[in-house]
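Structure below is input_5.cif: mmCIF, C-alpha atoms.
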data_start
loop_
_atom_site.group_PDB
_atom_site.id
_atom_site.type_symbol
_atom_site.label_atom_id
_atom_site.label_comp_id
_atom_site.auth_asym_id
_atom_site.auth_seq_id
_atom_site.Cartn_x
_atom_site.Cartn_y
_atom_site.Cartn_z
ATOM 1 C CA MET A 270 0.000 0.000 0.000
ATOM 2 C CA ASN A 271 1.258 3.471 -0.881
ATOM 3 C CA PRO A 272 1.863 5.432 2.357
ATOM 4 C CA ILE A 273 0.500 8.643 0.815
ATOM 5 C CA ALA A 274 -2.696 9.390 -1.079
ATOM 6 C CA LEU A 275 -4.354 12.560 -2.313
ATOM 7 C CA ASN A 276 -7.573 13.169 -0.360
ATOM 8 C CA LEU A 277 -8.493 16.864 -0.796
ATOM 9 C CA ILE A 278 -8.594 19.459 -3.574
ATOM 10 C CA VAL A 279 -9.842 22.994 -2.873
ATOM 11 C CA ILE A 280 -10.345 25.722 -5.450
ATOM 12 C CA ARG A 281 -11.638 29.277 -5.061
ATOM 13 C CA VAL A 282 -14.195 30.831 -7.410
ATOM 14 C CA LYS A 283 -15.942 34.169 -7.881
ATOM 15 C CA ASP A 284 -19.490 32.783 -8.020
ATOM 16 C CA LEU A 285 -20.431 29.473 -6.366
ATOM 17 C CA GLU A 286 -23.669 29.081 -8.338
ATOM 18 C CA ILE A 287 -22.008 29.588 -11.729
ATOM 19 C CA SER A 288 -19.261 27.122 -10.801
ATOM 20 C CA LYS A 289 -21.788 24.627 -9.449
ATOM 21 C CA LYS A 290 -23.677 24.677 -12.755
ATOM 22 C CA PHE A 291 -20.421 24.288 -14.707
ATOM 23 C CA TYR A 292 -19.118 21.339 -12.682
ATOM 24 C CA GLU A 293 -22.529 19.678 -12.647
ATOM 25 C CA ARG A 294 -22.236 19.546 -16.458
ATOM 26 C CA LEU A 295 -19.161 17.388 -15.868
ATOM 27 C CA GLY A 296 -21.323 15.052 -13.783
ATOM 28 C CA ILE A 297 -20.245 16.189 -10.309
ATOM 29 C CA ASN A 298 -22.926 16.389 -7.615
ATOM 30 C CA PHE A 299 -22.305 18.789 -4.742
ATOM 31 C CA VAL A 300 -23.647 19.320 -1.268
ATOM 32 C CA CYS A 301 -23.496 22.680 0.464
ATOM 33 C CA GLU A 302 -21.328 22.660 3.608
ATOM 34 C CA GLN A 303 -20.154 24.983 6.319
ATOM 35 C CA HIS A 304 -17.711 23.940 9.044
ATOM 36 C CA GLY A 305 -18.332 25.843 12.262
ATOM 37 C CA ASN A 306 -18.122 29.574 11.537
ATOM 38 C CA GLY A 307 -16.306 28.987 8.250
ATOM 39 C CA GLU A 308 -17.456 29.902 4.769
ATOM 40 C CA LYS A 309 -20.314 28.148 3.033
ATOM 41 C CA HIS A 310 -18.894 26.084 0.188
ATOM 42 C CA LEU A 311 -19.595 23.215 -2.197
ATOM 43 C CA CYS A 312 -18.328 19.709 -1.537
ATOM 44 C CA ALA A 313 -18.250 16.524 -3.622
ATOM 45 C CA MET A 314 -16.653 13.127 -3.042
ATOM 46 C CA LEU A 315 -14.857 11.850 -6.154
ATOM 47 C CA SER A 316 -13.373 8.355 -5.853
ATOM 48 C CA GLY A 317 -12.226 8.963 -2.297
ATOM 49 C CA ILE A 318 -11.046 12.531 -2.943
ATOM 50 C CA VAL A 319 -12.903 15.470 -1.419
ATOM 51 C CA PHE A 320 -13.345 18.244 -4.006
ATOM 52 C CA GLU A 321 -14.351 21.553 -2.450
ATOM 53 C CA ILE A 322 -15.198 24.862 -4.065
ATOM 54 C CA TYR A 323 -15.009 27.937 -1.861
ATOM 55 C CA PRO A 324 -15.919 31.516 -2.699
ATOM 56 C CA SER A 325 -12.944 33.765 -3.346
ATOM 57 C CA ASN A 326 -12.416 37.035 -1.572
ATOM 58 C CA ASN A 327 -9.606 39.566 -1.324
ATOM 59 C CA ASN A 328 -7.823 37.549 1.386
ATOM 60 C CA ASN A 329 -7.568 34.301 -0.619
ATOM 61 C CA ILE A 330 -4.832 32.970 -2.824
ATOM 62 C CA ASP A 331 -5.838 32.769 -6.496
ATOM 63 C CA THR A 332 -6.198 29.087 -7.436
ATOM 64 C CA SER A 333 -6.733 29.623 -11.169
ATOM 65 C CA ALA A 334 -3.227 28.309 -11.933
ATOM 66 C CA VAL A 335 -4.274 24.899 -10.580
ATOM 67 C CA ARG A 336 -4.914 22.406 -13.364
ATOM 68 C CA LEU A 337 -7.553 19.779 -12.720
ATOM 69 C CA GLY A 338 -8.135 16.489 -14.491
ATOM 70 C CA PHE A 339 -11.286 14.399 -14.620
ATOM 71 C CA ARG A 340 -12.061 11.023 -16.197
ATOM 72 C CA VAL A 341 -15.432 11.101 -17.933
ATOM 73 C CA SER A 342 -17.413 8.394 -19.698
ATOM 74 C CA SER A 343 -17.545 10.385 -22.958
ATOM 75 C CA VAL A 344 -15.321 13.349 -23.763
ATOM 76 C CA ASP A 345 -17.448 14.218 -26.812
ATOM 77 C CA LYS A 346 -20.711 14.198 -24.843
ATOM 78 C CA THR A 347 -19.152 16.222 -22.012
ATOM 79 C CA ILE A 348 -17.832 18.829 -24.456
ATOM 80 C CA GLU A 349 -21.268 19.005 -26.063
ATOM 81 C CA GLU A 350 -22.843 19.669 -22.630
ATOM 82 C CA LEU A 351 -20.257 22.362 -21.879
ATOM 83 C CA GLN A 352 -20.655 24.088 -25.251
ATOM 84 C CA ALA A 353 -24.281 24.743 -24.274
ATOM 85 C CA ILE A 354 -22.925 27.117 -21.618
ATOM 86 C CA GLU A 355 -20.238 28.574 -23.908
ATOM 87 C CA THR A 356 -17.209 26.953 -22.276
ATOM 88 C CA ASP A 357 -13.751 27.844 -23.607
ATOM 89 C CA ILE A 358 -12.143 24.809 -25.208
ATOM 90 C CA ILE A 359 -8.353 25.002 -25.326
ATOM 91 C CA SER A 360 -7.813 21.621 -26.937
ATOM 92 C CA PRO A 361 -10.788 19.949 -28.669
ATOM 93 C CA PRO A 362 -11.389 16.210 -28.261
ATOM 94 C CA LYS A 363 -8.772 14.075 -29.958
ATOM 95 C CA ASN A 364 -7.077 10.749 -29.470
ATOM 96 C CA SER A 365 -3.844 10.783 -27.514
ATOM 97 C CA SER A 366 -1.556 8.229 -25.899
ATOM 98 C CA TRP A 367 -3.760 8.583 -22.768
ATOM 99 C CA GLY A 368 -7.005 7.987 -24.690
ATOM 100 C CA LYS A 369 -9.506 10.536 -25.963
ATOM 101 C CA ARG A 370 -8.627 13.884 -24.387
ATOM 102 C CA ALA A 371 -9.731 17.526 -24.324
ATOM 103 C CA VAL A 372 -8.735 20.588 -22.307
ATOM 104 C CA ILE A 373 -11.263 23.210 -21.247
ATOM 105 C CA VAL A 374 -11.375 26.246 -18.947
ATOM 106 C CA ASP A 375 -13.849 26.744 -16.110
ATOM 107 C CA PRO A 376 -15.498 30.136 -15.453
ATOM 108 C CA ASP A 377 -12.615 31.165 -13.155
ATOM 109 C CA GLY A 378 -9.735 30.189 -15.436
ATOM 110 C CA HIS A 379 -8.890 26.742 -14.028
ATOM 111 C CA LYS A 380 -7.697 24.531 -16.893
ATOM 112 C CA ILE A 381 -9.364 21.138 -16.849
ATOM 113 C CA GLU A 382 -8.185 18.064 -18.696
ATOM 114 C CA LEU A 383 -10.878 15.563 -19.624
ATOM 115 C CA ILE A 384 -9.889 11.971 -20.341
ATOM 116 C CA GLU A 385 -12.307 9.301 -21.486
ATOM 117 C CA PHE A 386 -12.357 6.028 -19.578
#

Encoded form using structure tokens:
Amino acid sequence: MNPIALNLIVIRVKDLEISKKFYERLGINFVCEQHGNGEKHLCAMLSGIVFEIYPSNNNNIDTSAVRLGFRVSSVDKTIEELQAIETDIISPPKNSSWGKRAVIVDPDGHKIELIEF
């Protein structure tokens, strides 16, 4: 067993509702959470990894340089869903040595790699 495993990814966004709608198009289902007096945020469990989206404010570090990657059942279908909300596509779907792949940008500038499984 590997002694280390990734278990949490947190990004910051300008508008939680816009980001929720975007990531739901990828197939991610969120619950709203708030820990104690902390900020309300979105949370999803993805194959044992907690993915949280927090609102950004002037005191936060910009996370837009973080690149995310998600395996999806169909890259073409996912891109079609995202084009309905005018998503920027950096690299359209094409076959690669990793399988069918595309790169998109979320509403806050996070680059997202989609790989078909």

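Remark: for Tyr323 of chain A, the closest of the candidate residues A:Val341, A:Thr347, A:Leu285, A:Glu293 is A:Leu285 (distances computed over all atoms listed in the file).
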
Problem set entry | Pick from A:Val344, A:Ala371, A:Ala334, A:Ile322 nearest to Tyr292 of chain A, counting all atoms listed in the file | A:Ile322

Problem set entry | Test item: the PyMOL selection byres ((chain A and resi 301-318) around 10) resolved as a ChimeraX atom specification | /A:274-279,281,285-286,288-289,297-300,319-324,339

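Here atom CA of Ser365 of chain A stands at a distance of 14.4 Å from atom CA of Ser343 of chain A.
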
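With atom CA of Val372 of chain A on one side and atom CA of Ser325 of chain A on the other, the separation reads 23.5 Å.
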
For this session: For Ile348 of chain A, list every protein, DNA or RNA residue within 12 Å, evaluated using only C-alpha atoms, and leave out those in the same chain fewer than 3 positions away; present the list as an MDAnalysis selection string.
Result: chainID A and resid 291 294:296 341:345 351:363 369:374 381:385

Based on the selection just made, write C-alpha atoms of those residues as a compact mmCIF listing (two decimals), in the coordinates of the input.
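Generated file (part35.txt):
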# COMPACT_ATOMS: atom_id res chain seq x y z
CA PHE A 291 -20.42 24.29 -14.71
CA ARG A 294 -22.24 19.55 -16.46
CA LEU A 295 -19.16 17.39 -15.87
CA GLY A 296 -21.32 15.05 -13.78
CA VAL A 341 -15.43 11.10 -17.93
CA SER A 342 -17.41 8.39 -19.70
CA SER A 343 -17.55 10.38 -22.96
CA VAL A 344 -15.32 13.35 -23.76
CA ASP A 345 -17.45 14.22 -26.81
CA LEU A 351 -20.26 22.36 -21.88
CA GLN A 352 -20.66 24.09 -25.25
CA ALA A 353 -24.28 24.74 -24.27
CA ILE A 354 -22.92 27.12 -21.62
CA GLU A 355 -20.24 28.57 -23.91
CA THR A 356 -17.21 26.95 -22.28
CA ASP A 357 -13.75 27.84 -23.61
CA ILE A 358 -12.14 24.81 -25.21
CA ILE A 359 -8.35 25.00 -25.33
CA SER A 360 -7.81 21.62 -26.94
CA PRO A 361 -10.79 19.95 -28.67
CA PRO A 362 -11.39 16.21 -28.26
CA LYS A 363 -8.77 14.08 -29.96
CA LYS A 369 -9.51 10.54 -25.96
CA ARG A 370 -8.63 13.88 -24.39
CA ALA A 371 -9.73 17.53 -24.32
CA VAL A 372 -8.74 20.59 -22.31
CA ILE A 373 -11.26 23.21 -21.25
CA VAL A 374 -11.38 26.25 -18.95
CA ILE A 381 -9.36 21.14 -16.85
CA GLU A 382 -8.18 18.06 -18.70
CA LEU A 383 -10.88 15.56 -19.62
CA ILE A 384 -9.89 11.97 -20.34
CA GLU A 385 -12.31 9.30 -21.49

Problem set entry | Nearest candidate to Lys380 of chain A (options A:Asn271, A:Asn364, A:Asn327, A:Ser333; using all atoms listed in the file) | A:Ser333

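When atom CA of Arg340 of chain A is paired with atom CA of Trp367 of chain A, their separation reads 10.9 Å.
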
Kindly output segment 359-376 of chain A as a compact mmCIF listing (two decimals), keeping the file's coordinate frame, after building N, CA and C atoms.
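The resulting file, out_37.txt, is shown below:
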# COMPACT_ATOMS: atom_id res chain seq x y z
N ILE A 359 -9.75 24.75 -24.96
CA ILE A 359 -8.35 25.00 -25.33
C ILE A 359 -7.87 23.96 -26.33
N SER A 360 -8.21 22.72 -26.06
CA SER A 360 -7.81 21.62 -26.94
C SER A 360 -9.04 20.74 -27.17
N PRO A 361 -9.58 20.74 -28.40
CA PRO A 361 -10.79 19.95 -28.67
C PRO A 361 -10.52 18.45 -28.53
N PRO A 362 -11.57 17.66 -28.41
CA PRO A 362 -11.39 16.21 -28.26
C PRO A 362 -10.56 15.61 -29.39
N LYS A 363 -9.58 14.82 -28.99
CA LYS A 363 -8.77 14.08 -29.96
C LYS A 363 -8.12 12.90 -29.25
N ASN A 364 -7.74 11.92 -30.03
CA ASN A 364 -7.08 10.75 -29.47
C ASN A 364 -5.64 11.10 -29.10
N SER A 365 -5.21 10.57 -27.98
CA SER A 365 -3.84 10.78 -27.51
C SER A 365 -3.34 9.46 -26.94
N SER A 366 -2.10 9.45 -26.49
CA SER A 366 -1.56 8.23 -25.90
C SER A 366 -2.24 7.89 -24.57
N TRP A 367 -3.02 8.82 -24.02
CA TRP A 367 -3.76 8.58 -22.77
C TRP A 367 -5.22 8.24 -23.05
N GLY A 368 -5.61 8.19 -24.31
CA GLY A 368 -7.00 7.99 -24.69
C GLY A 368 -7.57 9.28 -25.25
N LYS A 369 -8.88 9.31 -25.46
CA LYS A 369 -9.51 10.54 -25.96
C LYS A 369 -9.38 11.61 -24.90
N ARG A 370 -8.99 12.83 -25.33
CA ARG A 370 -8.63 13.88 -24.39
C ARG A 370 -9.07 15.24 -24.92
N ALA A 371 -9.43 16.13 -24.00
CA ALA A 371 -9.73 17.53 -24.32
C ALA A 371 -9.31 18.38 -23.13
N VAL A 372 -9.05 19.65 -23.39
CA VAL A 372 -8.74 20.59 -22.31
C VAL A 372 -9.67 21.78 -22.43
N ILE A 373 -10.30 22.11 -21.31
CA ILE A 373 -11.26 23.21 -21.25
C ILE A 373 -10.87 24.17 -20.13
N VAL A 374 -11.62 25.27 -20.01
CA VAL A 374 -11.38 26.25 -18.95
C VAL A 374 -12.69 26.50 -18.21
N ASP A 375 -12.63 26.46 -16.88
CA ASP A 375 -13.85 26.74 -16.11
C ASP A 375 -14.08 28.25 -16.04
N PRO A 376 -15.20 28.70 -15.48
CA PRO A 376 -15.50 30.14 -15.45
C PRO A 376 -14.47 31.01 -14.72
